[in-house]
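Participant: First the structure, which I've put down as structure tokens, then a few questions once you've had a look.
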Amino acid sequence: MPVAINFKICDNAEECNGIEVCPTGALSWDDKKKTIVIDNTKCTSCGACERSCMVQAIKVGRTKEEFAKIQKEIEEDSRKVSDLYLDRYGAMPILPAFLIEEDKFEREVLKASKLTAVEVFANEGIMCLLKSIPITELFDGLDIKFRKMEIKNKKFLDDYDIKELPALLFFLEGKLAGKVEGYFENENKQALKEKVKVIIG
């Protein structure tokens with residue numbers, strides 16, 4: 001039976017786990033159309049793609065009835081791809097305005113006149129957008145300047161004793177006020193918010 005993808009919650013990336021694990025090539029990347037494509041004539045309903053999808057966007061219908069139910073659920077899903085495109089802790093940077101280079105750290109963060117949070121990350125540690133915590137929710141109601149910075153220099157990690165990425169560092173008047181290290185999924189949002197609350201008082 002065929003495979004269906006809910007593109008309302010799929011970031012439609014070439015690095016799709018479903019493509020990677022599919023043993024028959026039923027899922028592939030179309031470089032011209034820049035999208036994931038499905039060839040259901042190759043699908044054996046093994047379910048590997050479904051199990052590998054971090055956001056449960058891929059579904060395998062093992063019967064006609066099951067596939068019809070999946071299609072109906074996708075049609076009725078009120079979410080949309082744009083819901084993904086908010087900057088999120090631990091996820092790929094979305095808005096260029098938040099992203100700074102290391103050489104701008106002093107001006108953008110240390111010399112800032114207000115409390116500034118900078119998320120430091122490494123590209124290899126980027127996590128799923130849909131499972132990550134939106135910055136707007138994390139800092140809701142707080143007067144905080146926010147920046148993201150990819151770390152390419154180990155010295156920065158040593159200077160601020162960072163052991164795990166991503167990390168949120170809070171600076172006030174050029175001094176480190178506190179930090180939170182490690183990734184938090186959306187389901188752990190409250191735990192991360194509590195840590196932030198302790199730091200900013």
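Quick note on naming: the chains in the structure tokens go A, B, ... in the order shown, residues restart at 1 in each chain, and ligands are numbered from 1 in order of appearance.
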Write out as JSON, numbers by chain each polymer residue whose atoms come within 8 Å of range 29-37 of chain A, counting only C-alpha atoms; drop sequence neighbours fewer than 3 positions from it.
Facilitator: {"A": [12, 13, 14, 19]}
Participant: Go ahead and save the residues from that selection, with C-alpha atoms, as a PDB file, in the first residue's frame.
Facilitator:
```
ATOM      1  CA  ASN A  12      10.681  18.980   2.798  1.00  0.00           C
ATOM      2  CA  ALA A  13      14.457  18.760   3.054  1.00  0.00           C
ATOM      3  CA  GLU A  14      16.835  16.731   0.914  1.00  0.00           C
ATOM      4  CA  ILE A  19      14.799   8.871   1.974  1.00  0.00           C
TER       5      ILE A  19
END
```
Participant: Which polymer residues have any atom within 9 Å of an atom of Asp87 in chain A, counting only C-alpha atoms, with same-chain residues fewer than 3 positions away left out, as a ChimeraX atom specification?
Facilitator: /A:84,91-95,98,129,133-136
Participant: Include C-alpha atoms and write out the residues we just selected as a PDB file, in the first residue's frame.
Facilitator:
```
ATOM      1  CA  LEU A  84       7.697  25.734  11.281  1.00  0.00           C
ATOM      2  CA  ALA A  91      17.003  24.299  15.355  1.00  0.00           C
ATOM      3  CA  MET A  92      18.224  25.704  12.064  1.00  0.00           C
ATOM      4  CA  PRO A  93      18.385  29.539  12.068  1.00  0.00           C
ATOM      5  CA  ILE A  94      15.477  31.016  10.098  1.00  0.00           C
ATOM      6  CA  LEU A  95      15.615  34.814  10.326  1.00  0.00           C
ATOM      7  CA  PHE A  98      19.027  36.963  14.595  1.00  0.00           C
ATOM      8  CA  LEU A 129      12.192  22.367  13.627  1.00  0.00           C
ATOM      9  CA  ILE A 133      10.945  25.328  21.151  1.00  0.00           C
ATOM     10  CA  PRO A 134       9.992  28.614  19.444  1.00  0.00           C
ATOM     11  CA  ILE A 135      11.995  31.532  20.813  1.00  0.00           C
ATOM     12  CA  THR A 136       8.782  33.607  20.881  1.00  0.00           C
TER      13      THR A 136
END
```
Participant: Using only C-alpha atoms, which of A:Ile74, A:Lys145, A:Val180, A:Gly61 sits nearest Lys111 in chain A?
Facilitator: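 Result for the nearest residue to Lys111 in chain A: A:Lys145.
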Participant: Sort by chain and increasing residue number a table of all residues of range 38-126 of chain A within 10 Å of range 160-170 of chain A, each with its closest pair of atoms and their distance in Å to one decimal, counting only C-alpha atoms, and write it as a Markdown table.
Facilitator:
```
| residue | atom | partner | partner_atom | distance |
| --- | --- | --- | --- | --- |
| A:Tyr89 | CA | A:Pro166 | CA | 7.9 |
| A:Gly90 | CA | A:Pro166 | CA | 5.7 |
| A:Ala91 | CA | A:Pro166 | CA | 9.1 |
| A:Val109 | CA | A:Phe170 | CA | 9.1 |
| A:Leu110 | CA | A:Phe170 | CA | 10.0 |
| A:Leu115 | CA | A:Phe170 | CA | 7.0 |
| A:Thr116 | CA | A:Phe170 | CA | 5.7 |
| A:Ala117 | CA | A:Phe170 | CA | 4.5 |
| A:Val118 | CA | A:Leu169 | CA | 5.3 |
| A:Glu119 | CA | A:Leu168 | CA | 4.5 |
| A:Val120 | CA | A:Ala167 | CA | 5.4 |
| A:Phe121 | CA | A:Pro166 | CA | 4.6 |
| A:Ala122 | CA | A:Leu165 | CA | 7.0 |
| A:Asn123 | CA | A:Pro166 | CA | 9.7 |
| A:Glu124 | CA | A:Leu165 | CA | 9.9 |
| A:Gly125 | CA | A:Leu165 | CA | 7.2 |
| A:Ile126 | CA | A:Pro166 | CA | 8.4 |
```
Participant: Which of range 54-90 of chain A end up as strand (DSSP E) when DSSP is run on this backbone - answer as a PyMOL selection string?
Facilitator: chain A and resi 58-60+88-89
Participant: Next, the residues of the selection above should be written as a CSV table (one decimal), in the first residue's frame with N, CA and C atoms.
Facilitator:
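So the final result, stored in result_19.csv, reads:
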```
chain,number,residue,atom,x,y,z
A,58,ILE,N,5.4,11.2,7.8
A,58,ILE,CA,5.3,10.1,6.8
A,58,ILE,C,4.5,9.0,7.4
A,59,LYS,N,3.5,8.6,6.6
A,59,LYS,CA,2.6,7.5,7.1
A,59,LYS,C,2.5,6.4,6.0
A,60,VAL,N,2.4,5.2,6.4
A,60,VAL,CA,2.3,4.1,5.4
A,60,VAL,C,0.9,3.5,5.7
A,88,ARG,N,13.8,28.8,16.5
A,88,ARG,CA,13.6,27.9,17.6
A,88,ARG,C,14.9,27.5,18.2
A,89,TYR,N,14.9,27.3,19.5
A,89,TYR,CA,16.1,26.9,20.2
A,89,TYR,C,16.6,25.5,19.8
```
Participant: Considering only C-alpha atoms, can you say which of A:Lys131, A:Val3, A:Leu157, A:Ala191 comes closest to Lys64 in chain A?
Facilitator: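 Ranking A:Lys131, A:Val3, A:Leu157, A:Ala191 by distance to Lys64 in chain A, first place goes to A:Val3.
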Participant: Can you work out which one of A:Ile38, A:Asp103, A:Glu137, A:Asn6 has the shortest atom-to-atom distance to Lys152 in chain A, counting only C-alpha atoms?
Facilitator: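 Of all the options, A:Asp103 lies closest to Lys152 in chain A.
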Participant: Under the rule that only C-alpha atoms are counted, which of A:Ile9, A:Leu99, A:Ala57, A:Leu27 is the nearest residue to Ile70 in chain A?
Facilitator: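 Smallest distance to Ile70 in chain A is found for A:Ala57.
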Participant: Using only C-alpha atoms, find the one residue out of A:Glu66, A:Asp158, A:Glu108, A:Glu181 that sits nearest to Phe146 in chain A.
Facilitator: A:Glu108
Participant: Could you tell me, as a list in words, which residues of range 78-176 of chain A DSSP assigns to helix (DSSP H, G or I) when given the backbone?
Facilitator: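 The helix (DSSP H, G or I) residues within range 78-176 of chain A come out as Val81, Ser82, Asp83, Pro96, Ala97, Phe98, Glu102, Asp103, Lys104, Phe105, Glu106, Arg107, Glu108, Val109, Leu110, Asn123, Glu124, Gly125, Ile135, Thr136, Glu137, Leu138, Lys154, Lys155, Phe156, Leu157, Asp158 and Asp159 of chain A.
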Participant: Residues as selected, N, CA and C atoms, written as an mmCIF file, in the first residue's frame, can you do that?
Facilitator:
```
data_model
loop_
_atom_site.group_PDB
_atom_site.id
_atom_site.type_symbol
_atom_site.label_atom_id
_atom_site.label_comp_id
_atom_site.auth_asym_id
_atom_site.auth_seq_id
_atom_site.Cartn_x
_atom_site.Cartn_y
_atom_site.Cartn_z
ATOM 1 N N VAL A 81 3.039 24.720 6.912
ATOM 2 C CA VAL A 81 4.500 24.737 6.917
ATOM 3 C C VAL A 81 5.037 26.018 7.545
ATOM 4 N N SER A 82 4.351 27.132 7.332
ATOM 5 C CA SER A 82 4.850 28.393 7.883
ATOM 6 C C SER A 82 4.929 28.366 9.403
ATOM 7 N N ASP A 83 4.164 27.459 10.039
ATOM 8 C CA ASP A 83 4.255 27.314 11.497
ATOM 9 C C ASP A 83 5.651 26.861 11.911
ATOM 10 N N PRO A 96 17.548 35.852 9.250
ATOM 11 C CA PRO A 96 18.937 36.347 9.209
ATOM 12 C C PRO A 96 19.231 37.421 10.255
ATOM 13 N N ALA A 97 18.202 38.169 10.647
ATOM 14 C CA ALA A 97 18.407 39.257 11.613
ATOM 15 C C ALA A 97 18.923 38.751 12.952
ATOM 16 N N PHE A 98 18.592 37.518 13.318
ATOM 17 C CA PHE A 98 19.027 36.963 14.595
ATOM 18 C C PHE A 98 20.446 36.399 14.539
ATOM 19 N N GLU A 102 30.886 35.351 14.762
ATOM 20 C CA GLU A 102 31.658 35.478 16.007
ATOM 21 C C GLU A 102 32.334 36.834 16.135
ATOM 22 N N ASP A 103 32.753 37.421 15.010
ATOM 23 C CA ASP A 103 33.445 38.708 15.102
ATOM 24 C C ASP A 103 32.499 39.870 15.458
ATOM 25 N N LYS A 104 31.190 39.607 15.443
ATOM 26 C CA LYS A 104 30.211 40.636 15.840
ATOM 27 C C LYS A 104 29.717 40.420 17.278
ATOM 28 N N PHE A 105 30.240 39.405 17.944
ATOM 29 C CA PHE A 105 29.774 39.048 19.281
ATOM 30 C C PHE A 105 29.952 40.198 20.274
ATOM 31 N N GLU A 106 31.106 40.826 20.256
ATOM 32 C CA GLU A 106 31.360 41.897 21.227
ATOM 33 C C GLU A 106 30.384 43.054 21.033
ATOM 34 N N ARG A 107 30.217 43.494 19.786
ATOM 35 C CA ARG A 107 29.332 44.629 19.521
ATOM 36 C C ARG A 107 27.864 44.278 19.755
ATOM 37 N N GLU A 108 27.437 43.107 19.262
ATOM 38 C CA GLU A 108 26.015 42.729 19.316
ATOM 39 C C GLU A 108 25.568 42.235 20.692
ATOM 40 N N VAL A 109 26.502 41.642 21.443
ATOM 41 C CA VAL A 109 26.122 41.015 22.712
ATOM 42 C C VAL A 109 26.754 41.715 23.913
ATOM 43 N N LEU A 110 28.081 41.767 23.945
ATOM 44 C CA LEU A 110 28.757 42.320 25.120
ATOM 45 C C LEU A 110 28.501 43.814 25.315
ATOM 46 N N ASN A 123 26.522 23.443 13.499
ATOM 47 C CA ASN A 123 25.623 22.935 12.459
ATOM 48 C C ASN A 123 25.333 21.454 12.588
ATOM 49 N N GLU A 124 26.314 20.680 13.041
ATOM 50 C CA GLU A 124 26.091 19.233 13.146
ATOM 51 C C GLU A 124 25.119 18.882 14.276
ATOM 52 N N GLY A 125 24.810 19.856 15.131
ATOM 53 C CA GLY A 125 23.890 19.589 16.238
ATOM 54 C C GLY A 125 22.484 20.107 15.993
ATOM 55 N N ILE A 135 11.419 30.485 19.969
ATOM 56 C CA ILE A 135 11.995 31.532 20.813
ATOM 57 C C ILE A 135 10.900 32.467 21.320
ATOM 58 N N THR A 136 9.878 32.717 20.475
ATOM 59 C CA THR A 136 8.782 33.607 20.881
ATOM 60 C C THR A 136 8.057 33.060 22.110
ATOM 61 N N GLU A 137 7.986 31.730 22.231
ATOM 62 C CA GLU A 137 7.343 31.127 23.401
ATOM 63 C C GLU A 137 8.294 31.087 24.596
ATOM 64 N N LEU A 138 9.557 30.864 24.324
ATOM 65 C CA LEU A 138 10.544 30.776 25.391
ATOM 66 C C LEU A 138 10.710 32.104 26.120
ATOM 67 N N LYS A 154 36.898 26.922 18.920
ATOM 68 C CA LYS A 154 36.861 26.225 20.213
ATOM 69 C C LYS A 154 37.201 27.158 21.371
ATOM 70 N N LYS A 155 37.951 28.200 21.088
ATOM 71 C CA LYS A 155 38.340 29.139 22.142
ATOM 72 C C LYS A 155 37.110 29.763 22.802
ATOM 73 N N PHE A 156 36.080 30.050 22.006
ATOM 74 C CA PHE A 156 34.857 30.636 22.567
ATOM 75 C C PHE A 156 34.238 29.679 23.582
ATOM 76 N N LEU A 157 34.196 28.395 23.234
ATOM 77 C CA LEU A 157 33.643 27.393 24.150
ATOM 78 C C LEU A 157 34.450 27.338 25.437
ATOM 79 N N ASP A 158 35.763 27.414 25.310
ATOM 80 C CA ASP A 158 36.641 27.397 26.486
ATOM 81 C C ASP A 158 36.452 28.658 27.341
ATOM 82 N N ASP A 159 36.350 29.806 26.670
ATOM 83 C CA ASP A 159 36.206 31.083 27.387
ATOM 84 C C ASP A 159 34.976 31.101 28.291
#
```
Participant: Need the shell around Ile200 in chain A: protein/DNA/RNA residues with any atom at most 9 Å away, counting only C-alpha atoms. Skip same-chain ones fewer than 2 positions apart. Format as a ChimeraX atom specification?
Facilitator: /A:115,170,177-178,195-198
Participant: Calculate how many Å separate CA of Ile151 in chain A from CA of Glu194 in chain A, rounding to one decimal.
Facilitator: 25.5 Å
Participant: Which of these, A:Ala112, A:Leu142, A:Val55, A:Ala26, has the shortest distance to Cys43 in chain A once you count only C-alpha atoms?
Facilitator: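 Smallest distance to Cys43 in chain A is found for A:Ala26.
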Participant: Can you measure CA of Ser132 in chain A to CA of Asn17 in chain A for me? One decimal in Å is fine.
Facilitator: 17.1 Å
